[in-house]
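Enquirer: I am attaching a structure below and will ask some questions about it afterwards.
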Amino acid sequence: MTKFSCVEDLLAEFYNQTLFDIAILQDQDRAAIHGFYNTLDLGNQLTANQGGFLLKILAKYKIF
């Protein structure tokens with residue numbers, strides 16, 4: 001069972017982890033993640049295109 005109940009929780013955790021190791025992310029991904037995090041932090045929803053792109057970024061940096 002995962003500790004994340006929705007993709008927003010996963011994004012928040014990913015964002016917080018990458019703040020400490022910023023070298024992990026490519027520049028364009030860092031800008032997108034920061035923008036997505038700010039959008040959600042303001043209580044707004046991501047568009048369908050933004051959500052799809054977010055999932056691609058999360059998959060790109062998936063570590064098992």
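Letters for chains follow the order of the structure tokens (A, B, ...), residue numbers begin at 1 for each chain, and ligand numbers begin at 1 in the order shown.
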Can you list, as a PyMOL selection string, all residues belonging to segment 21-61 of chain A that DSSP tags as helix (DSSP H, G or I)?
Expert: chain A and resi 22-24+27-41+48-60
Enquirer: Mind dumping the selected residues with N, CA, C and O atoms as a compact mmCIF listing (two decimals), in the first residue's frame?
Expert:
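Everything below was put into again.txt:
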```txt
# COMPACT_ATOMS: atom_id res chain seq x y z
N ILE A 22 18.73 19.41 -6.03
CA ILE A 22 18.22 20.06 -7.23
C ILE A 22 18.93 19.57 -8.50
O ILE A 22 18.42 19.71 -9.59
N ALA A 23 20.11 18.99 -8.36
CA ALA A 23 20.85 18.50 -9.51
C ALA A 23 20.16 17.31 -10.18
O ALA A 23 20.49 16.96 -11.31
N ILE A 24 19.19 16.70 -9.51
CA ILE A 24 18.47 15.55 -10.06
C ILE A 24 17.68 15.95 -11.30
O ILE A 24 17.64 15.22 -12.28
N ASP A 27 16.64 21.30 -16.19
CA ASP A 27 16.10 22.65 -16.02
C ASP A 27 14.64 22.77 -16.42
O ASP A 27 13.84 23.36 -15.70
N GLN A 28 14.27 22.22 -17.58
CA GLN A 28 12.89 22.34 -18.05
C GLN A 28 11.92 21.58 -17.14
O GLN A 28 10.79 22.02 -16.92
N ASP A 29 12.36 20.48 -16.57
CA ASP A 29 11.51 19.72 -15.66
C ASP A 29 11.38 20.44 -14.32
O ASP A 29 10.30 20.46 -13.72
N ARG A 30 12.45 21.06 -13.87
CA ARG A 30 12.42 21.81 -12.61
C ARG A 30 11.42 22.96 -12.71
O ARG A 30 10.61 23.17 -11.79
N ALA A 31 11.44 23.68 -13.82
CA ALA A 31 10.50 24.80 -14.00
C ALA A 31 9.06 24.31 -14.02
O ALA A 31 8.17 24.92 -13.40
N ALA A 32 8.81 23.21 -14.72
CA ALA A 32 7.44 22.66 -14.79
C ALA A 32 6.97 22.18 -13.43
O ALA A 32 5.84 22.49 -13.01
N ILE A 33 7.80 21.43 -12.73
CA ILE A 33 7.43 20.92 -11.40
C ILE A 33 7.14 22.08 -10.45
O ILE A 33 6.17 22.06 -9.69
N HIS A 34 7.98 23.10 -10.50
CA HIS A 34 7.77 24.27 -9.64
C HIS A 34 6.44 24.94 -9.96
O HIS A 34 5.67 25.29 -9.06
N GLY A 35 6.14 25.10 -11.25
CA GLY A 35 4.88 25.71 -11.65
C GLY A 35 3.67 24.88 -11.24
O GLY A 35 2.67 25.42 -10.75
N PHE A 36 3.75 23.56 -11.42
CA PHE A 36 2.65 22.68 -11.03
C PHE A 36 2.43 22.73 -9.53
O PHE A 36 1.30 22.79 -9.05
N TYR A 37 3.53 22.71 -8.77
CA TYR A 37 3.43 22.75 -7.31
C TYR A 37 2.77 24.06 -6.87
O TYR A 37 1.88 24.06 -6.02
N ASN A 38 3.20 25.17 -7.46
CA ASN A 38 2.62 26.47 -7.10
C ASN A 38 1.13 26.53 -7.45
O ASN A 38 0.34 27.06 -6.67
N THR A 39 0.76 25.99 -8.60
CA THR A 39 -0.65 25.97 -9.00
C THR A 39 -1.49 25.23 -7.97
O THR A 39 -2.53 25.72 -7.53
N LEU A 40 -1.03 24.06 -7.57
CA LEU A 40 -1.77 23.26 -6.59
C LEU A 40 -1.74 23.90 -5.21
O LEU A 40 -2.72 23.85 -4.47
N ASP A 41 -0.61 24.51 -4.86
CA ASP A 41 -0.49 25.16 -3.56
C ASP A 41 -1.47 26.33 -3.42
O ASP A 41 -1.94 26.62 -2.33
N ALA A 48 -5.80 19.20 -18.01
CA ALA A 48 -5.55 17.82 -18.45
C ALA A 48 -4.16 17.70 -19.06
O ALA A 48 -3.44 16.72 -18.81
N ASN A 49 -3.76 18.68 -19.85
CA ASN A 49 -2.43 18.65 -20.46
C ASN A 49 -1.32 18.75 -19.41
O ASN A 49 -0.31 18.05 -19.50
N GLN A 50 -1.51 19.62 -18.43
CA GLN A 50 -0.53 19.74 -17.36
C GLN A 50 -0.44 18.44 -16.56
O GLN A 50 0.67 18.00 -16.21
N GLY A 51 -1.57 17.84 -16.27
CA GLY A 51 -1.58 16.58 -15.54
C GLY A 51 -0.86 15.48 -16.29
O GLY A 51 -0.09 14.72 -15.71
N GLY A 52 -1.09 15.41 -17.59
CA GLY A 52 -0.40 14.42 -18.42
C GLY A 52 1.10 14.64 -18.42
O GLY A 52 1.89 13.69 -18.33
N PHE A 53 1.51 15.90 -18.53
CA PHE A 53 2.93 16.22 -18.53
C PHE A 53 3.56 15.91 -17.18
O PHE A 53 4.67 15.38 -17.10
N LEU A 54 2.83 16.20 -16.12
CA LEU A 54 3.30 15.89 -14.77
C LEU A 54 3.55 14.39 -14.62
O LEU A 54 4.58 13.97 -14.09
N LEU A 55 2.63 13.58 -15.09
CA LEU A 55 2.80 12.13 -15.01
C LEU A 55 4.02 11.67 -15.79
O LEU A 55 4.74 10.77 -15.36
N LYS A 56 4.27 12.28 -16.94
CA LYS A 56 5.47 11.93 -17.73
C LYS A 56 6.75 12.28 -16.96
O LYS A 56 7.71 11.51 -16.96
N ILE A 57 6.75 13.45 -16.32
CA ILE A 57 7.93 13.85 -15.54
C ILE A 57 8.15 12.90 -14.38
O ILE A 57 9.27 12.45 -14.13
N LEU A 58 7.09 12.58 -13.65
CA LEU A 58 7.22 11.67 -12.51
C LEU A 58 7.72 10.30 -12.96
O LEU A 58 8.55 9.67 -12.29
N ALA A 59 7.22 9.83 -14.11
CA ALA A 59 7.67 8.53 -14.64
C ALA A 59 9.16 8.60 -15.04
O ALA A 59 9.89 7.64 -14.85
N LYS A 60 9.56 9.72 -15.57
CA LYS A 60 10.95 9.91 -16.01
C LYS A 60 11.93 9.77 -14.85
O LYS A 60 13.02 9.23 -15.00
```
Enquirer: In Å, how far is it from atom CA of Thr47 of chain A to atom CA of Thr18 of chain A?
Expert: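 Computing the Euclidean distance for atom CA of Thr47 of chain A and atom CA of Thr18 of chain A yields 22.9 Å.
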Enquirer: Which value, in Å to one decimal, gives the distance between atom CA of Phe20 of chain A and atom CA of Cys6 of chain A?
Expert: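 These atoms are spaced 22.7 Å apart.
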